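Heads up, the thing below is written out as structure tokens.
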Amino acid sequence: MMTGDLGALWTAVAAALGNHLWQSTLFAATAGLLTLTLHKNHARVRYWLWLAASFKFLIPFSLLVGMGSHLARSRASAPANAGLYIAVEQVGQPFTRTALLAAATHPEASPGTHWTAILLLAVWLCGFLSVVAVWLIRWRRISALLPNAVPLHHGREVEILRRLERNAKSQSIEILRVPASLEPGIFGVARAVLLWPEGISARLENAHLEAILAHELRHVHRRDNLAAAIHMVVEAIFWFHPLVWWLGARLVEERERSCDEEVVQLGSDRKTYAESILKVCEFCVESPLACVSGVAGADLKKRMVHIMTENVARKLDFTRRLLLSTAGVLAIALPVIFGLFQATPGRAQAEIGSVAATTPGFQVTSIKADQQQGKLLPTKILVTPEGINLTGITVKELVHFAYGVDDQQISGGPDWMSSARYNIATKTDKSVADEIRGLSDAQKREANQRILQSMLADQFKLSLHPQTENLPIYELTVAAGGPKFQETKGMGMMRMGRGELTSQGTPLALLVDQLSLRLGRTVVDKTGLTGDYAFTLHWTPDANEDARLPVPAGSASREVSGPPLIEALQDQLGLALQATTGPVQILVIDQLDKPADGQ
């Protein structure tokens with residue numbers, strides 16, 4: 001693999017990994033604070049909190065954020081609160097992809113980026129393989145005992161175990177007598193068996209046997225081996241994070257303490273149960289594998305004190321139940337809400353001022369005043385991973401595309417922003433272009449919007465701020481009979497003229513943008529269509545549309561044919577517009593200058 005490719009990989013992964021580790025650490029810290037609040041309650045509550053913190057390392061919040069974004073796009077847009085969005089993003093995603101992308105695409109600023117990526121990947125792989133190797137060696141030590149193990153079908157151990165199983169109404173597990181001084185423990189995940197060391201039964205009375213077997217049955221009932229195996233995966237992947245290993249110790253501690261509490265609650269005498277654990281420790285050595293649930297794990301001294309203390313655990317009261325419920329709901333709801341904010345136009349608007357000249361990986365190769373101002377030439381927009389080419393476009397149209405807003409969402413600005421037309425070309429760096437090709441359609445659109453936002457701030461000195469107003473909007477839906485256009489894999493280009501829209505493989509979002517622009521009202525996509533489509537739409541513009549979209553001299557007199565836009569939309573494309581009202585984000589332009597090269 002070339003170093004440039006590794007640099008691109010580093011760019012794509014580093015920010016996401018940094019944010020995931022930060023979010024998982026924050027989640028674990030929150031779980032830790034909750035366990036302190038619940039230190040006098042049952043150990044199983046604290047165990048599940050630590051287990052949730054472990055699982056969080058395998059479940060990126062980006063999945064829930066993506067769910068929220070998809071929900072926002074499919075159910076239309078509630079406006080985002082800009083301040084809240086920025087606060088959530090800064091806390092949840094402190095590692096911005098933009099900064100890392102800048103380092104990867106500007107070698108002069110960080111000449112060792114590519115080799116750093118190679119070195120870090122090599123170090124992680126060595127650590128990962130070392131942890132896996134250690135676990136495999138320990139697993140083989142246990143597995144090596146199985147060929148010489150003897151299934152037990154009779155004896156005190158079997159009789160007591162079967163009675164406990166009947167009382168608990170649980171399925172039977174097999175007992176295997178092994179010729180080793182290993183402590184009794186549950187081995188296996190899908191098919192659990194109880195490993196019983198040879199000779200230990202002779203040292204234990206029936207009461208001791210019953211306490212130990214009850215403890216092991218609790219491990220089976222709780223599926224502790226499965227949870228331990230999952231945390232082993234977490235340790236292997238995130239071996240470099242000290243918190244992961246600390247979590248493992250807390251899981252074992254609360255797991256054993258929880259089983260102790262449950263055994264005592266089932267009726268075992270505290271003193272007898274404590275004696276049984278001590279007798280096992282005298283006879284056996286501890287299991288070398290975390291996912292073999294034994295009876296002698298965790299801090300033995302603390303466990304003895306815990307077992308012998310009366311009324312050590314109390315049930316959750318209403319306040320603590322409410323606290324846990326709220327924390328659980330927030331853990332799922334906050335990323336989804338973040339995704340809702342991320343998908344709405346408010347996201348781009350909330351980032352105004354921070355995008356200026358910070359989107360790396362592209363350059364404006366040409367920006368000139370359109371020399372064909374008086375001729376009848378439609379606006380053209382060609383978007384490819386290699387760059388964006390804009391022909392005969394006004395700054396107002398440019399703001400529209402860059403921020404995903406329509407005409408009624410743009411307030412203020414000089415008169416020339418709606419009349420002066422420009423030809424603009426941007427070129428994307430090769431590494432960034434390669435990365436853009438691998439993005440989803442929505443991500444490509446966002447990347448291109450960021451490029452245009454940066455270009456507007458840099459070349460036109462654009463500054464603006466958002467505000468919310470309740471305005472008329474349209475909802476775009478599929479009319480009866482279905483859409484009258486086909487999905488295609490075209491060039492990704494749309495030709496826009498007076499009374500004409502021609503698409504060659506563009507997403508429906510571009511049509512929605514154009515409808516908003518020409519109707520002067522926000523259009524919300526409710527069609528659920530997510531592909532790239534080819535179509536041609538012809539209509540006769542009304543006076544309001546011509547007033548909103550000034551055209552070059554002579555264009556207004558051009559002969560156009562077709563019904564009004566809304567009618568043409570239904571007849572020619574099979575789409576319908578439903579008028580309604582709703583809160584809409586407005587962009588208020590504070591400053592806008594003509595570019596030095598485009599006078």
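Just remember, in the structure tokens the first chain shown is A, the second B, etc., residues are 1-based per chain, and ligands are 1-based in the order shown.
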List the spatial neighbours of A:Pro563 as a PDB file with N, CA and C atoms, in the first residue's frame - criterion: any atom at most 8 Å away, only C-alpha atoms, same-chain residues fewer than 3 positions off excluded.
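Result written to around_21.pdb:
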```
ATOM      1  N   HIS A 538     -40.329  20.832 -18.047  1.00  0.00           N
ATOM      2  CA  HIS A 538     -40.591  22.090 -18.756  1.00  0.00           C
ATOM      3  C   HIS A 538     -41.853  22.733 -18.177  1.00  0.00           C
ATOM      4  N   TRP A 539     -41.812  24.029 -17.979  1.00  0.00           N
ATOM      5  CA  TRP A 539     -42.970  24.759 -17.480  1.00  0.00           C
ATOM      6  C   TRP A 539     -42.873  26.227 -17.907  1.00  0.00           C
ATOM      7  N   THR A 540     -43.926  26.968 -17.688  1.00  0.00           N
ATOM      8  CA  THR A 540     -43.941  28.399 -17.990  1.00  0.00           C
ATOM      9  C   THR A 540     -43.793  29.173 -16.684  1.00  0.00           C
ATOM     10  N   GLU A 567     -48.135  22.253 -11.661  1.00  0.00           N
ATOM     11  CA  GLU A 567     -48.881  21.335 -12.518  1.00  0.00           C
ATOM     12  C   GLU A 567     -47.925  20.491 -13.357  1.00  0.00           C
ATOM     13  N   ALA A 568     -46.872  21.124 -13.903  1.00  0.00           N
ATOM     14  CA  ALA A 568     -45.892  20.390 -14.709  1.00  0.00           C
ATOM     15  C   ALA A 568     -45.184  19.329 -13.870  1.00  0.00           C
TER      16      ALA A 568
END
```
### Query
Neighbours of A:Leu515 within 9 Å (only C-alpha atoms; same-chain residues fewer than 6 positions away dropped), as an MDAnalysis selection string?
chainID A and resid 406 521:523 565
### Query
Which residues, written as a list in words, have at least one atom at most 12 Å from A:Ile589, with only C-alpha atoms counted and residues fewer than 6 positions away on the same chain left out?
Gln349, Ile352, Gly353, Val395, Lys396, Val399, Gln409, Ile410, Ser411, Gly412, Gly413, Pro414, Met417, Leu456, Ala457, Phe460, Lys461, Leu462, Ser463, Leu464, His465, Pro466 and Gln467 of chain A
### Query
Which neighbours of A:Ala144 fall inside 12 Å, counting only C-alpha atoms, when residues of the same chain fewer than 6 positions from it are skipped, and could you give them as a list of chain:residue names?
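Listed by chain and then number, they are A:Leu136, A:Ile137, A:Arg138, A:Val178, A:Pro179, A:Ala180.
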### Message
Would you pick out the contacts of A:Phe535 at 9 Å or less, using only C-alpha atoms, so that residues sharing its chain but fewer than 6 positions from it are not included, and give the list as a PyMOL selection string?
### Response
chain A and resi 484-486+501-505+572-573
### Message
as a PyMOL selection string, please: every residue in stretch 172-340 of chain A that a backbone DSSP assignment puts in strand (DSSP E or B).
### Response
chain A and resi 174-178+182+185-187+193-197+285+293-294+314
With C-alpha atoms retained, could you export that selection as a PDB file, in the first residue's frame?
```pdb
ATOM      1  CA  GLU A 174     -22.992 -31.321  32.161  1.00  0.00           C
ATOM      2  CA  ILE A 175     -20.357 -31.881  34.880  1.00  0.00           C
ATOM      3  CA  LEU A 176     -16.892 -32.890  33.717  1.00  0.00           C
ATOM      4  CA  ARG A 177     -14.345 -34.154  36.250  1.00  0.00           C
ATOM      5  CA  VAL A 178     -10.902 -32.903  35.252  1.00  0.00           C
ATOM      6  CA  LEU A 182      -8.321 -25.800  38.730  1.00  0.00           C
ATOM      7  CA  GLY A 185     -15.901 -23.119  36.859  1.00  0.00           C
ATOM      8  CA  ILE A 186     -18.273 -22.808  33.908  1.00  0.00           C
ATOM      9  CA  PHE A 187     -16.471 -23.284  30.589  1.00  0.00           C
ATOM     10  CA  VAL A 193     -20.146 -27.255  30.983  1.00  0.00           C
ATOM     11  CA  LEU A 194     -19.073 -27.313  34.624  1.00  0.00           C
ATOM     12  CA  LEU A 195     -15.419 -28.263  35.110  1.00  0.00           C
ATOM     13  CA  TRP A 196     -15.095 -30.060  38.436  1.00  0.00           C
ATOM     14  CA  PRO A 197     -11.569 -30.748  39.731  1.00  0.00           C
ATOM     15  CA  VAL A 285      -5.620 -22.396  41.727  1.00  0.00           C
ATOM     16  CA  SER A 293     -16.667 -18.196  35.585  1.00  0.00           C
ATOM     17  CA  GLY A 294     -15.411 -19.716  38.804  1.00  0.00           C
ATOM     18  CA  ARG A 314     -30.841  -2.862  49.259  1.00  0.00           C
TER      19      ARG A 314
END
```
### Query
Leaving out A:Glu469 and any residue of its chain fewer than 4 positions from it, which residues lie within 12 Å of it when counting only C-alpha atoms, given as a list in words?
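Contacts, in chain order: Pro79, Gln408, Gln409, Ile410, Ser411, Ile473, Thr522, Thr581, Gly582, Pro583, Val584, Gln585, Ile586, Leu587 and Val588 of chain A.
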Output N, CA and C atoms of each residue in that selection to a file, as a PDB file, in the first residue's frame.
```pdb
ATOM      1  N   PRO A  79     -36.367  22.455  12.578  1.00  0.00           N
ATOM      2  CA  PRO A  79     -35.177  23.288  12.593  1.00  0.00           C
ATOM      3  C   PRO A  79     -34.317  22.990  13.794  1.00  0.00           C
ATOM      4  N   GLN A 408     -36.402  32.107   0.064  1.00  0.00           N
ATOM      5  CA  GLN A 408     -37.014  32.765   1.214  1.00  0.00           C
ATOM      6  C   GLN A 408     -36.169  32.617   2.477  1.00  0.00           C
ATOM      7  N   GLN A 409     -35.153  31.764   2.429  1.00  0.00           N
ATOM      8  CA  GLN A 409     -34.279  31.582   3.589  1.00  0.00           C
ATOM      9  C   GLN A 409     -33.048  32.468   3.533  1.00  0.00           C
ATOM     10  N   ILE A 410     -32.934  33.316   2.525  1.00  0.00           N
ATOM     11  CA  ILE A 410     -31.797  34.228   2.398  1.00  0.00           C
ATOM     12  C   ILE A 410     -32.304  35.647   2.575  1.00  0.00           C
ATOM     13  N   SER A 411     -31.775  36.349   3.560  1.00  0.00           N
ATOM     14  CA  SER A 411     -32.227  37.695   3.866  1.00  0.00           C
ATOM     15  C   SER A 411     -31.053  38.660   3.811  1.00  0.00           C
ATOM     16  N   ILE A 473     -44.386  26.643   3.692  1.00  0.00           N
ATOM     17  CA  ILE A 473     -43.490  25.669   3.062  1.00  0.00           C
ATOM     18  C   ILE A 473     -44.324  24.736   2.175  1.00  0.00           C
ATOM     19  N   THR A 522     -39.690  27.190   0.967  1.00  0.00           N
ATOM     20  CA  THR A 522     -38.962  25.963   1.317  1.00  0.00           C
ATOM     21  C   THR A 522     -39.766  24.737   0.924  1.00  0.00           C
ATOM     22  N   THR A 581     -47.329  25.142   6.600  1.00  0.00           N
ATOM     23  CA  THR A 581     -46.452  26.111   7.261  1.00  0.00           C
ATOM     24  C   THR A 581     -45.580  25.394   8.266  1.00  0.00           C
ATOM     25  N   GLY A 582     -44.465  26.041   8.627  1.00  0.00           N
ATOM     26  CA  GLY A 582     -43.572  25.451   9.606  1.00  0.00           C
ATOM     27  C   GLY A 582     -42.410  26.373   9.911  1.00  0.00           C
ATOM     28  N   PRO A 583     -41.681  26.102  11.015  1.00  0.00           N
ATOM     29  CA  PRO A 583     -40.511  26.930  11.361  1.00  0.00           C
ATOM     30  C   PRO A 583     -39.391  26.711  10.348  1.00  0.00           C
ATOM     31  N   VAL A 584     -38.776  27.786   9.910  1.00  0.00           N
ATOM     32  CA  VAL A 584     -37.737  27.731   8.880  1.00  0.00           C
ATOM     33  C   VAL A 584     -36.548  28.567   9.338  1.00  0.00           C
ATOM     34  N   GLN A 585     -35.349  28.033   9.124  1.00  0.00           N
ATOM     35  CA  GLN A 585     -34.129  28.772   9.433  1.00  0.00           C
ATOM     36  C   GLN A 585     -33.849  29.783   8.328  1.00  0.00           C
ATOM     37  N   ILE A 586     -33.559  31.013   8.719  1.00  0.00           N
ATOM     38  CA  ILE A 586     -33.247  32.099   7.798  1.00  0.00           C
ATOM     39  C   ILE A 586     -31.765  32.439   7.928  1.00  0.00           C
ATOM     40  N   LEU A 587     -31.103  32.666   6.791  1.00  0.00           N
ATOM     41  CA  LEU A 587     -29.727  33.145   6.789  1.00  0.00           C
ATOM     42  C   LEU A 587     -29.735  34.643   6.544  1.00  0.00           C
ATOM     43  N   VAL A 588     -29.252  35.400   7.493  1.00  0.00           N
ATOM     44  CA  VAL A 588     -29.179  36.850   7.368  1.00  0.00           C
ATOM     45  C   VAL A 588     -27.752  37.223   6.977  1.00  0.00           C
TER      46      VAL A 588
END
```
### Message
Nearest residue to A:Val432 out of A:Ser172, A:Thr394, A:Gln363, A:Ser130, using only C-alpha atoms?
### Response
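Ranked by minimum distance to A:Val432, first place goes to A:Gln363.
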### Query
Which is closer to A:Ala534 than all the others in A:Thr506, A:Ser561, A:Thr384, A:Gln591, using only C-alpha atoms?
A:Thr506
### Query
For A:Ser454, which of A:Val405, A:Leu152, A:Leu471, A:Val364 is the closest residue, counting only C-alpha atoms?
A:Val364
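Between atom CA of A:Ala576 and atom CA of A:Tyr403 the interatomic distance comes to 24.5 Å.
Between atom CA of A:Ala229 and atom CA of A:Gly188 lies a distance of 9.6 Å.
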